[in-house]
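Asks: The file below is start.txt, compact mmCIF, C-alpha atoms and all ligand atoms:
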```txt
# COMPACT_ATOMS: atom_id res chain seq x y z
CA MET F 26 132.35 114.71 94.03
CA ASP F 27 133.77 114.24 97.53
CA LEU F 28 135.99 111.32 96.69
CA ASP F 29 139.05 111.25 98.85
CA MET F 30 141.50 108.72 97.45
CA ALA F 31 142.95 108.09 100.92
CA ASN F 32 139.61 106.86 102.26
CA LYS F 33 139.31 103.12 102.71
CA LYS F 34 137.42 101.00 100.21
CA TYR F 35 135.57 97.74 100.78
CA THR F 36 134.25 95.05 98.47
CA LEU F 37 130.63 93.90 98.78
CA ASN F 38 129.62 90.94 96.60
CA PHE F 39 126.04 90.32 95.49
CA THR F 40 124.61 87.28 93.72
CA GLY F 41 121.15 86.30 92.56
CA ASP F 42 119.47 82.96 93.21
CA VAL F 43 121.46 80.31 95.05
CA MET F 44 119.36 77.14 94.95
CA LEU F 45 121.19 74.36 96.80
CA GLY F 46 118.27 71.94 97.13
CA ARG F 47 116.84 69.19 94.94
CA LEU F 48 119.59 67.61 92.77
CA ILE F 49 122.41 69.56 94.43
CA ASP F 50 121.36 68.30 97.85
CA GLN F 51 121.44 64.73 96.51
CA LEU F 52 125.14 65.12 95.62
CA TYR F 53 126.05 65.14 99.33
CA PRO F 54 126.26 62.04 101.55
CA THR F 55 123.64 63.51 103.89
CA HIS F 56 120.57 64.63 101.95
CA VAL F 57 116.82 64.83 102.23
CA PRO F 58 115.08 61.63 101.12
CA SER F 59 114.00 61.99 97.49
CA PRO F 60 114.45 58.77 95.51
CA ASN F 61 113.51 60.36 92.18
CA ASP F 62 116.07 63.16 92.46
CA GLU F 63 118.68 60.75 93.73
CA ARG F 64 118.21 58.53 90.67
CA HIS F 65 118.66 61.55 88.35
CA VAL F 66 121.86 62.53 90.12
CA ARG F 67 123.36 59.04 89.94
CA VAL F 68 122.77 59.02 86.17
CA PHE F 69 124.46 62.44 85.83
CA GLN F 70 127.37 61.33 87.94
CA ALA F 71 127.91 58.18 85.90
CA ARG F 72 127.74 60.11 82.63
CA HIS F 73 130.12 62.89 83.70
CA ALA F 74 132.40 60.89 85.96
CA SER F 75 135.51 62.20 84.24
CA ARG F 76 134.74 65.85 84.95
CA LEU F 77 137.06 67.32 87.49
CA GLY F 78 135.38 68.08 90.76
CA PHE F 79 132.08 66.59 89.78
CA ARG F 80 132.47 63.15 91.25
CA ASN F 81 133.75 64.53 94.52
CA TYR F 82 131.31 67.33 94.98
CA THR F 83 132.40 69.13 98.17
CA PHE F 84 130.96 71.96 100.24
CA GLU F 85 133.09 74.37 98.16
CA SER F 86 131.88 72.96 94.83
CA PRO F 87 128.69 75.01 94.30
CA TRP F 88 130.81 78.19 94.20
CA GLY F 89 133.11 76.75 91.52
CA THR F 90 135.77 79.16 90.28
CA THR F 91 134.00 82.16 91.86
CA LEU F 92 135.11 80.98 95.30
CA PRO F 93 138.21 83.25 95.61
CA LEU F 94 136.17 86.34 94.72
CA LEU F 95 133.77 85.52 97.54
CA ALA F 96 135.84 83.86 100.24
CA THR F 97 139.11 85.77 99.79
CA GLU F 98 138.29 89.09 98.17
CA GLY F 99 134.82 89.83 99.56
CA ASP F 100 134.52 91.99 102.67
CA LEU F 101 130.82 91.07 102.83
CA ASN F 102 128.84 88.61 100.67
CA PHE F 103 125.09 88.77 99.99
CA ILE F 104 122.96 86.11 98.27
CA ASN F 105 119.34 85.23 97.63
CA LEU F 106 118.88 81.75 99.13
CA GLU F 107 116.24 80.20 96.86
CA THR F 108 115.44 77.11 98.93
CA SER F 109 114.24 76.03 102.34
CA ILE F 110 116.66 74.23 104.66
CA THR F 111 114.66 71.45 106.22
CA THR F 112 113.86 67.77 106.46
CA HIS F 113 110.18 68.55 107.04
CA PRO F 114 108.31 66.11 104.74
CA ILE F 115 105.13 67.98 103.85
CA PRO F 116 105.40 70.32 100.85
CA TRP F 117 103.31 73.45 100.45
CA PRO F 118 100.33 72.24 98.40
CA ASP F 119 99.62 73.06 94.75
CA LYS F 120 103.04 74.44 94.00
CA VAL F 121 104.99 73.36 90.89
CA PHE F 122 108.43 73.33 92.55
CA ASN F 123 109.14 72.71 96.24
CA TYR F 124 112.81 73.03 97.16
CA ARG F 125 114.60 71.92 100.30
CA MET F 126 118.12 71.07 101.29
CA HIS F 127 119.34 69.08 104.27
CA PRO F 128 120.31 71.28 107.27
CA ALA F 129 123.60 69.40 107.59
CA ASN F 130 124.80 70.85 104.25
CA ALA F 131 123.72 74.47 104.58
CA ILE F 132 126.22 75.98 107.01
CA PRO F 133 129.27 74.18 105.55
CA ILE F 134 128.39 75.36 102.01
CA LEU F 135 127.64 78.95 103.05
CA LYS F 136 130.70 79.05 105.27
CA ALA F 137 132.98 77.88 102.45
CA ALA F 138 132.22 81.10 100.55
CA LYS F 139 131.90 83.27 103.70
CA ILE F 140 128.32 84.20 102.95
CA ASP F 141 127.27 86.93 105.40
CA PHE F 142 123.67 87.52 104.39
CA ALA F 143 120.91 85.38 102.87
CA CYS F 144 117.68 86.92 101.58
CA LEU F 145 114.77 84.74 102.74
CA ALA F 146 112.03 86.78 101.08
CA ASN F 147 111.41 84.64 98.02
CA ASN F 148 109.02 82.07 96.58
CA HIS F 149 110.79 79.02 98.09
CA THR F 150 111.47 79.67 101.81
CA LEU F 151 108.00 78.34 102.68
CA ASP F 152 108.11 75.39 100.26
CA PHE F 153 107.80 73.06 103.26
CA GLY F 154 105.47 75.25 105.28
CA THR F 155 106.12 77.30 108.36
CA GLU F 156 107.75 74.24 109.99
CA GLY F 157 110.28 74.23 107.17
CA LEU F 158 110.80 77.98 107.54
CA VAL F 159 111.52 77.67 111.26
CA GLU F 160 114.07 74.93 110.61
CA THR F 161 115.65 77.12 107.90
CA ILE F 162 116.02 79.95 110.39
CA TRP F 163 117.29 77.78 113.21
CA THR F 164 119.90 76.36 110.88
CA LEU F 165 121.14 79.82 109.85
CA LYS F 166 121.18 80.88 113.51
CA GLN F 167 123.03 77.71 114.50
CA HIS F 168 120.33 77.06 117.08
CA PRO F 169 121.56 74.36 119.50
CA ALA F 170 118.49 72.23 118.72
CA THR F 171 119.42 71.78 115.05
CA PRO F 172 121.56 68.89 113.88
CA ALA F 173 123.59 71.40 111.88
CA ALA F 174 124.93 73.14 114.97
CA ALA F 175 128.31 71.57 114.41
CA THR F 176 130.41 74.69 114.72
CA PRO F 177 131.03 76.09 118.19
CA LYS F 178 128.41 78.57 119.32
CA GLY F 179 129.05 82.03 117.96
CA GLU F 180 131.63 80.99 115.42
CA TYR F 181 129.65 81.36 112.23
CA ARG F 182 126.14 82.53 111.55
CA VAL F 183 124.43 83.79 108.46
CA ALA F 184 122.40 86.97 108.88
CA PHE F 185 119.05 87.03 107.11
CA ALA F 186 115.96 89.15 106.52
CA GLY F 187 112.63 88.84 104.72
CA ALA F 188 111.26 85.90 106.74
CA GLY F 189 111.57 85.00 110.39
CA GLU F 190 110.24 83.26 113.43
CA THR F 191 108.27 86.41 114.21
CA ALA F 192 106.90 89.20 112.02
CA GLN F 193 109.34 91.59 113.64
CA GLU F 194 112.22 89.35 112.67
CA ALA F 195 110.93 89.04 109.09
CA PHE F 196 110.65 92.80 108.61
CA ALA F 197 113.66 94.11 110.55
CA PRO F 198 116.98 94.66 108.83
CA ALA F 199 119.87 92.29 109.28
CA ILE F 200 122.69 94.30 110.80
CA LEU F 201 126.18 93.51 109.59
CA SER F 202 129.51 94.89 110.64
CA LEU F 203 131.95 96.21 108.02
CA PRO F 204 134.66 95.06 108.09
CA ARG F 205 133.44 91.69 109.29
CA LYS F 206 135.21 90.60 112.43
CA SER F 207 137.21 87.45 111.78
CA ASN F 208 135.28 84.29 112.62
CA ILE F 209 132.54 86.06 114.54
CA GLN F 210 130.38 87.94 112.12
CA GLN F 211 127.80 89.34 114.43
CA GLU F 212 127.04 89.21 118.09
CA MET F 213 123.59 88.07 119.01
CA ILE F 214 121.31 90.35 120.96
CA GLY F 215 118.39 88.18 121.94
CA ASP F 216 117.87 86.03 118.91
CA ARG F 217 118.97 88.60 116.35
CA PRO F 218 122.40 89.24 114.97
CA SER F 219 123.48 92.72 115.91
CA VAL F 220 126.43 95.02 115.53
CA LEU F 221 129.48 94.21 117.57
CA SER F 222 129.60 96.21 120.74
CA ALA F 223 132.23 98.92 120.83
CA SER F 224 134.32 97.14 123.41
CA THR F 225 134.89 94.17 121.14
CA LEU F 226 136.07 96.26 118.21
CA ASP F 227 139.62 96.72 117.17
CA SER F 228 139.96 100.44 117.83
CA ALA F 229 142.27 100.91 114.83
CA THR F 230 139.60 99.74 112.40
CA PRO F 231 136.52 101.90 112.04
CA ASN F 232 133.42 99.72 112.08
CA HIS F 233 130.43 100.49 109.95
CA SER F 234 126.94 99.22 110.53
CA ILE F 235 125.29 97.88 107.37
CA HIS F 236 121.49 97.43 107.39
CA VAL F 237 119.94 94.92 104.98
CA TYR F 238 116.16 94.68 104.45
CA ALA F 239 114.41 92.07 102.30
CA ALA F 240 110.92 91.67 100.81
CA THR F 241 109.17 89.97 97.90
CA ASP F 242 106.11 90.55 95.72
CA HIS F 243 105.28 86.83 95.25
CA PRO F 244 103.82 84.30 95.73
CA HIS F 245 100.45 85.81 96.43
CA ALA F 246 99.38 82.73 98.42
CA TRP F 247 101.88 83.67 101.15
CA ARG F 248 100.89 87.33 101.47
CA ASP F 249 99.03 86.85 104.75
CA ILE F 250 101.69 84.79 106.48
CA PRO F 251 102.87 87.13 109.23
CA THR F 252 106.44 85.79 109.31
CA PHE F 253 106.94 86.39 105.58
CA HIS F 254 107.73 89.86 104.26
CA PHE F 255 105.32 90.25 101.36
CA VAL F 256 104.85 93.67 99.79
CA ASP F 257 103.03 94.93 96.73
CA TYR F 258 103.05 98.23 94.88
CA THR F 259 100.17 99.90 96.69
CA PRO F 260 100.48 103.14 98.69
CA LYS F 261 99.90 101.03 101.82
CA SER F 262 103.02 98.92 101.14
CA ARG F 263 105.03 102.06 100.45
CA GLU F 264 103.94 103.61 103.74
CA HIS F 265 104.85 100.41 105.57
CA LEU F 266 108.33 100.31 103.99
CA LYS F 267 109.03 103.98 104.64
CA ARG F 268 107.96 103.72 108.28
CA LEU F 269 109.95 100.53 108.78
CA ILE F 270 113.17 101.82 107.24
CA TRP F 271 113.16 105.19 109.00
CA LYS F 272 112.33 103.52 112.33
CA HIS F 273 115.69 101.76 112.05
CA SER F 274 117.50 104.88 110.77
CA PRO F 275 117.37 107.43 113.59
CA ALA F 276 117.44 111.13 112.80
CA PRO F 277 120.93 112.68 112.89
CA GLU F 278 120.39 114.57 116.16
CA ILE F 279 119.40 111.48 118.16
CA ARG F 280 121.49 108.79 116.58
CA SER F 281 124.69 107.39 117.93
CA SER F 282 127.39 106.02 115.68
CA GLU F 283 126.49 102.49 116.70
CA SER F 284 122.83 102.66 115.68
CA THR F 285 123.41 104.75 112.58
CA PRO F 286 123.53 102.68 109.41
CA ALA F 287 126.54 103.62 107.29
CA LEU F 288 124.87 101.96 104.31
CA LYS F 289 121.32 100.68 103.68
CA ILE F 290 120.63 97.80 101.33
CA PHE F 291 117.26 96.45 100.16
CA SER F 292 117.17 92.90 98.77
CA PHE F 293 114.04 92.50 96.64
CA HIS F 294 112.73 89.29 95.01
CA TRP F 295 110.41 90.80 92.43
CA GLY F 296 108.81 90.75 89.03
CA PRO F 297 107.92 88.01 86.59
CA ASN F 298 110.32 85.40 85.22
CA TYR F 299 111.80 86.00 81.80
CA SER F 300 111.33 89.67 81.06
CA TRP F 301 114.28 91.84 80.04
CA HIS F 302 112.83 95.09 81.30
CA PRO F 303 111.62 95.82 84.83
CA SER F 304 108.02 97.07 84.84
CA THR F 305 107.25 100.70 85.59
CA GLU F 306 105.92 99.76 89.04
CA ILE F 307 109.18 97.98 89.86
CA ARG F 308 111.27 100.92 88.69
CA GLN F 309 109.13 103.34 90.63
CA MET F 310 109.43 101.16 93.76
CA ALA F 311 113.24 101.11 93.38
CA HIS F 312 113.29 104.89 93.05
CA PHE F 313 110.97 105.22 96.04
CA LEU F 314 113.36 103.12 98.15
CA ILE F 315 116.31 105.27 97.07
CA PHE F 316 114.78 108.73 97.20
CA GLU F 317 112.18 108.35 99.96
CA CYS F 318 113.69 105.72 102.23
CA GLY F 319 117.41 106.47 101.93
CA ILE F 320 118.36 103.06 100.53
CA ASP F 321 121.81 103.04 98.89
CA ILE F 322 121.79 99.69 97.08
CA VAL F 323 118.76 97.84 95.69
CA HIS F 324 119.71 94.17 95.27
CA GLY F 325 117.07 92.83 92.87
CA HIS F 326 116.57 89.21 91.84
CA SER F 327 113.99 86.64 90.69
CA SER F 328 113.97 87.05 86.89
CA HIS F 329 116.38 84.04 86.47
CA HIS F 330 118.48 86.04 84.00
CA VAL F 331 120.51 89.24 84.12
CA GLN F 332 118.76 92.59 83.76
CA GLY F 333 120.14 96.13 83.61
CA ILE F 334 121.60 98.42 86.23
CA GLU F 335 120.57 101.95 87.07
CA CYS F 336 122.39 104.70 88.92
CA PRO F 337 119.54 107.14 89.61
CA ALA F 338 121.72 109.52 91.66
CA PRO F 339 125.46 109.64 92.39
CA GLY F 340 126.49 106.83 94.77
CA LYS F 341 123.13 105.03 94.44
CA LEU F 342 122.80 101.64 92.76
CA ILE F 343 119.86 99.55 91.52
CA ILE F 344 120.60 96.04 90.27
CA TYR F 345 117.20 95.03 88.86
CA GLY F 346 117.97 91.35 88.31
CA CYS F 347 121.17 89.56 89.27
CA GLY F 348 120.27 86.38 87.37
CA ASP F 349 120.74 82.88 88.75
CA PHE F 350 124.08 82.09 90.38
CA VAL F 351 123.98 78.36 91.13
CA ASP F 352 121.17 75.83 90.74
CA ASP F 353 120.11 72.64 88.94
CA TYR F 354 117.59 74.22 86.53
CA ALA F 355 116.93 73.33 82.91
CA ILE F 356 118.27 75.95 80.49
CA ASN F 357 116.08 78.50 78.74
CA LYS F 358 117.89 79.09 75.44
CA GLU F 359 116.55 82.61 74.86
CA TYR F 360 117.05 84.11 78.31
CA ARG F 361 120.08 81.97 79.21
CA ASN F 362 119.28 81.40 82.87
CA ASP F 363 122.54 79.45 83.11
CA LEU F 364 124.39 82.75 82.62
CA GLY F 365 124.61 85.21 85.48
CA ALA F 366 127.15 87.36 87.25
CA LEU F 367 128.87 88.17 90.48
CA TYR F 368 128.30 91.86 91.24
CA ARG F 369 131.20 93.38 93.14
CA VAL F 370 130.23 96.75 94.58
CA ILE F 371 133.10 98.93 95.74
CA VAL F 372 132.09 101.18 98.62
CA GLN F 373 134.29 103.93 100.03
CA GLU F 374 134.40 105.61 103.43
CA GLN F 375 133.30 109.22 103.33
CA SER F 376 135.16 111.85 105.29
CA ASP F 377 132.22 114.21 105.68
CA HIS F 378 129.43 112.11 107.22
CA GLY F 379 131.12 108.91 108.35
CA GLY F 380 129.16 106.59 106.08
CA VAL F 381 130.29 104.46 103.17
CA LYS F 382 129.18 105.12 99.62
CA PRO F 383 129.01 102.89 96.53
CA VAL F 384 131.46 104.27 93.96
CA ARG F 385 131.70 101.51 91.38
CA VAL F 386 130.27 98.13 90.45
CA GLU F 387 132.37 95.47 88.73
CA ILE F 388 130.44 92.66 87.06
CA PHE F 389 132.06 89.25 86.60
CA PRO F 390 130.08 87.08 84.13
CA THR F 391 129.37 83.52 85.31
CA ARG F 392 127.85 80.30 83.95
CA ILE F 393 126.31 77.40 85.83
CA THR F 394 127.86 74.15 84.66
CA HIS F 395 127.39 70.82 86.43
CA PHE F 396 125.85 72.45 89.52
CA GLN F 397 128.76 74.89 89.89
CA ALA F 398 129.20 78.65 89.31
CA HIS F 399 132.08 79.32 86.95
CA LEU F 400 133.72 82.62 86.08
CA LEU F 401 133.64 83.19 82.34
CA GLN F 402 136.77 84.24 80.47
CA HIS F 403 136.84 86.72 77.62
CA PHE F 404 137.30 84.92 74.29
CA ARG F 405 140.70 86.61 73.83
CA VAL F 406 142.02 84.66 76.81
CA GLY F 407 140.48 81.32 76.01
CA GLY F 408 136.83 81.93 76.80
CA ASP F 409 133.79 81.63 74.56
CA GLY F 410 130.97 83.88 73.40
CA ASP F 411 129.03 83.61 76.65
CA HIS F 412 131.27 86.17 78.35
CA ASP F 413 130.44 88.68 75.62
CA TRP F 414 126.76 87.74 75.82
CA VAL F 415 126.57 88.71 79.52
CA VAL F 416 128.65 91.89 79.07
CA ASP F 417 126.67 93.00 76.00
CA THR F 418 123.28 92.20 77.55
CA ILE F 419 123.95 94.09 80.80
CA SER F 420 125.54 97.03 78.92
CA ARG F 421 122.60 97.34 76.52
CA LEU F 422 119.92 97.06 79.21
CA THR F 423 121.79 99.50 81.47
CA GLY F 424 122.02 102.02 78.63
CA GLU F 425 118.28 101.70 78.04
CA LEU F 426 117.47 102.22 81.74
CA MET F 427 119.77 105.23 82.03
CA GLY F 428 118.24 106.71 78.89
CA THR F 429 114.63 106.61 80.00
CA GLU F 430 112.60 108.25 82.75
CA CYS F 431 110.16 106.08 84.68
CA GLY F 432 107.81 108.93 85.50
CA CYS F 433 108.15 108.68 89.27
CA GLY F 434 108.95 112.38 89.56
CA TYR F 435 111.97 112.17 91.86
CA THR F 436 115.04 114.25 91.06
CA HIS F 437 117.62 112.32 89.11
CA GLU F 438 120.43 114.85 89.54
CA ASP F 439 121.57 114.98 85.94
CA MET F 440 122.07 111.20 85.80
CA THR F 441 119.53 110.59 83.03
CA GLY F 442 121.29 109.73 79.81
CA LYS F 443 124.70 109.54 81.48
CA GLU F 444 127.05 106.87 80.11
CA ILE F 445 127.99 104.93 83.25
CA VAL F 446 129.33 101.76 81.61
CA ARG F 447 133.07 102.01 80.91
CA PRO F 448 133.95 101.16 77.29
CA GLN F 449 136.98 99.11 78.42
CA LEU F 450 136.69 95.92 80.46
CA GLY F 451 138.76 95.52 83.64
CA ASP F 452 141.97 93.49 83.72
CA ARG F 453 140.01 90.36 84.68
CA GLY F 454 137.43 90.81 81.96
CA GLN F 455 134.89 92.39 84.30
CA LEU F 456 132.40 95.02 83.15
CA ILE F 457 132.90 98.25 85.11
CA ILE F 458 130.14 100.73 85.89
CA ASP F 459 130.91 104.03 87.62
CA LEU F 460 128.41 105.29 90.20
CA ILE F 461 129.90 108.73 90.90
ZN ZN N 1 112.37 82.88 93.00
```
I need this file expressed as structure tokens, please.
Replies:
Amino acid sequence: MDLDMANKKYTLNFTGDVMLGRLIDQLYPTHVPSPNDERHVRVFQARHASRLGFRNYTFESPWGTTLPLLATEGDLNFINLETSITTHPIPWPDKVFNYRMHPANAIPILKAAKIDFACLANNHTLDFGTEGLVETIWTLKQHPATPAAATPKGEYRVAFAGAGETAQEAFAPAILSLPRKSNIQQEMIGDRPSVLSASTLDSATPNHSIHVYAATDHPHAWRDIPTFHFVDYTPKSREHLKRLIWKHSPAPEIRSSESTPALKIFSFHWGPNYSWHPSTEIRQMAHFLIFECGIDIVHGHSSHHVQGIECPAPGKLIIYGCGDFVDDYAINKEYRNDLGALYRVIVQEQSDHGGVKPVRVEIFPTRITHFQAHLLQHFRVGGDGDHDWVVDTISRLTGELMGTECGCGYTHEDMTGKEIVRPQLGDRGQLIIDLI
């Protein structure tokens, strides 16, 4: 354990699916034309008119009472954006759900919570075809040609990975600066966000480069779209991922501090809906990313409900399924897709190799109510049983993952069977899991 208490710590927040389209989009004055959805929303609004914050649904509203954790306490915030951002009218054919939100709403909503990174590798970014994908990307980049480019150039952009205007852009990592520089999150080199150049840094604050990759294993129909990062569990996909990740992580003797990632994150939209346990191929892929590709944090999502956490080696974290964070979905009573969590990962600077290392994850249970994410309170302080449900479910599933081998053969450094979940909750009712 090389933990030096004097070394600086940072807070990275991770959420699962953020779906701001369909009914949520209709709550805003500017929205994509969808008379059916609009009618639904007007009925909801009339029925729940007395609910605080519901009638006047603002750009801050989707984040509900989680907003301070993101906007004030988060050094960097990472989400899976489960919708396209476009007014393009033609949906991808033969798909059950096609989501889109109006470009005018995207940046103001994401900016309200200071979202730094959006995963675009998921089963909705192409819901309105490649035209819709390009508009999604231009909106996030604040391209001058988009109607959403309301903020001055360079003021706020959301980094992304997993889909792009080119294959290179879809595969390459988003590069974030930790700490984020106020107002300007990343400088653009060409069309890609990049690390701030040394001259623009405050010399008193060490800056770390954080690399974030993203990929998905579905839908199959999009696997041959070159600007979409589809992977499967074949040796070929593994080779591709290993080559890609090491290409962006230069060997110690040739790397400079600027190009060296201090932390590598992989955001993965994977697995079937509604299954408590990740499949063996998913677990083995997570372990491959950690042990063969040097990934530090696997940010998993797609299941629509919370799954367990695994710490396969000290300072390494796998969140298999974050659950849904905010959306307009109907509720599944068994899997409780309305319940989720905000995952706060504490990373600490390391004196020996200059990187940052995950030391702890704090899990704040949430519930989606009236198109808003709300922090749940423990029943002792006025909450209900849902807080316990999230805490108990994640604790149980984490214990099961830590207690079983997946058969991948990598060294687990004595972590198997280790109790990583603290028996006591934190002072804000959060579940605490130690990673070292
Ligand atoms: Zn999805």
Asks: Residues contacting ligand ZN 1 (chain N) - anything with an atom at most 6 Å away, using all atoms listed in the file - can you give me those as a list in words?
Replies: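 Every residue with an atom at most 6 Å from ligand ZN 1 (chain N) is listed here: Asn147, Asn148 and Ser327 of chain F.
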Asks: Which residue, F:Gln449, F:Thr423, F:Gln193, F:Ser59, has the smallest gap to F:Leu269 when you use all atoms listed in the file?
Replies: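 Looking only at the distances to F:Leu269, the closest residue turns out to be F:Gln193.
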Asks: Of the candidates F:Pro303, F:Gly89, F:Pro244, F:Pro383, which one gets nearest to F:Trp117 if we count only C-alpha atoms?
Replies: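 Nearest candidate to F:Trp117 out of F:Pro303, F:Gly89, F:Pro244, F:Pro383: F:Pro244.
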Asks: Counting all atoms listed in the file, what is within 7 Å of stretch 365-381 of chain F, bar same-chain residues fewer than 3 positions away, as a list in words?
Replies: Asn32, Lys33, Lys34, Tyr35, Thr36, Leu37, Asn38, Phe39, Thr40, Ala287, Leu288, His330, Val331, Cys347, Gly348, Asp349, Phe350, Val384, Arg385, Val386, Glu387, Ile388, Phe389, Pro390, Thr391 and Arg392 of chain F
Asks: Figure out the distance between atom CA of F:His329 and atom CA of F:His65, please, to one decimal in Å.
Replies: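 So the two atoms, atom CA of F:His65 and atom CA of F:His329, lie 22.7 Å apart.
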Asks: Need the shell around F:Val66: protein/DNA/RNA residues with any atom at most 7 Å away, counting all atoms listed in the file. Skip same-chain ones fewer than 4 positions apart. Format as an NGL selection string?
Replies: :F and (48 or 51-52 or 62 or 70)
Asks: Between F:Ile343, F:Val256, F:Ile140, F:Ala186, single out the one closest to F:Leu95, counting only C-alpha atoms.
Replies: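 So, comparing all the options, the nearest one is F:Ile140.
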Asks: For F:Ser274, which of F:Leu92, F:Ala129, F:Ala197, F:Leu342 is the closest residue, counting only C-alpha atoms?
Replies: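 Residue with the minimum atom-to-atom distance to F:Ser274: F:Ala197.
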Asks: Got a sec: who's within 12 Å of F:Lys120, counting only C-alpha atoms, leaving out chain neighbours fewer than 2 positions off, as a list in words?
Replies: Ile115, Pro116, Trp117, Pro118, Phe122, Asn123, Tyr124, Asn148, His149, Leu151, Asp152, Phe153, Gly154, Pro244, His245, Ala246 and Trp247 of chain F
Asks: So, with only C-alpha atoms as the atoms that count, which of F:Val43, F:Ala131, F:Leu165, F:Ile235 lies closest to F:Ser202?
Replies: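 The answer is F:Ile235, which sits nearest to F:Ser202.
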Asks: Pull the neighbourhood of (105.4, 102.5, 92.5) for me: all residues within 10 Å in file coordinates, counting all atoms listed in the file, as number ranges by chain.
Replies: F: 257-260, 262-263, 304-314, 431-433
Asks: Output requested as a compact mmCIF listing (two decimals), in the coordinates of the input - stretch 432-447 of chain F, filled out with N, CA and C atoms.
Replies:
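Written file, result.txt:
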```
# COMPACT_ATOMS: atom_id res chain seq x y z
N GLY F 432 109.00 108.14 85.18
CA GLY F 432 107.81 108.93 85.50
C GLY F 432 107.50 109.02 86.98
N CYS F 433 108.45 108.65 87.84
CA CYS F 433 108.15 108.68 89.27
C CYS F 433 108.25 110.09 89.84
N GLY F 434 108.94 110.98 89.14
CA GLY F 434 108.95 112.38 89.56
C GLY F 434 110.07 112.76 90.52
N TYR F 435 110.88 111.80 90.96
CA TYR F 435 111.97 112.17 91.86
C TYR F 435 113.11 112.80 91.05
N THR F 436 113.92 113.58 91.73
CA THR F 436 115.04 114.25 91.06
C THR F 436 116.12 113.23 90.70
N HIS F 437 116.59 113.28 89.52
CA HIS F 437 117.62 112.32 89.11
C HIS F 437 119.00 112.94 88.99
N GLU F 438 119.13 114.18 89.45
CA GLU F 438 120.43 114.85 89.54
C GLU F 438 121.30 114.66 88.31
N ASP F 439 120.80 115.00 87.18
CA ASP F 439 121.57 114.98 85.94
C ASP F 439 122.07 113.59 85.52
N MET F 440 121.54 112.53 86.15
CA MET F 440 122.07 111.20 85.80
C MET F 440 121.43 110.66 84.53
N THR F 441 120.23 111.14 84.19
CA THR F 441 119.53 110.59 83.03
C THR F 441 120.37 110.77 81.76
N GLY F 442 120.55 109.69 81.06
CA GLY F 442 121.29 109.73 79.81
C GLY F 442 122.79 109.63 79.99
N LYS F 443 123.25 109.61 81.24
CA LYS F 443 124.70 109.54 81.48
C LYS F 443 125.24 108.16 81.12
N GLU F 444 126.40 108.15 80.46
CA GLU F 444 127.05 106.87 80.11
C GLU F 444 127.81 106.40 81.34
N ILE F 445 127.31 105.38 82.03
CA ILE F 445 127.99 104.93 83.25
C ILE F 445 128.82 103.68 83.02
N VAL F 446 128.57 102.98 81.90
CA VAL F 446 129.33 101.76 81.61
C VAL F 446 130.65 102.14 80.94
N ARG F 447 131.76 101.71 81.52
CA ARG F 447 133.07 102.01 80.91
C ARG F 447 133.23 101.24 79.60
```
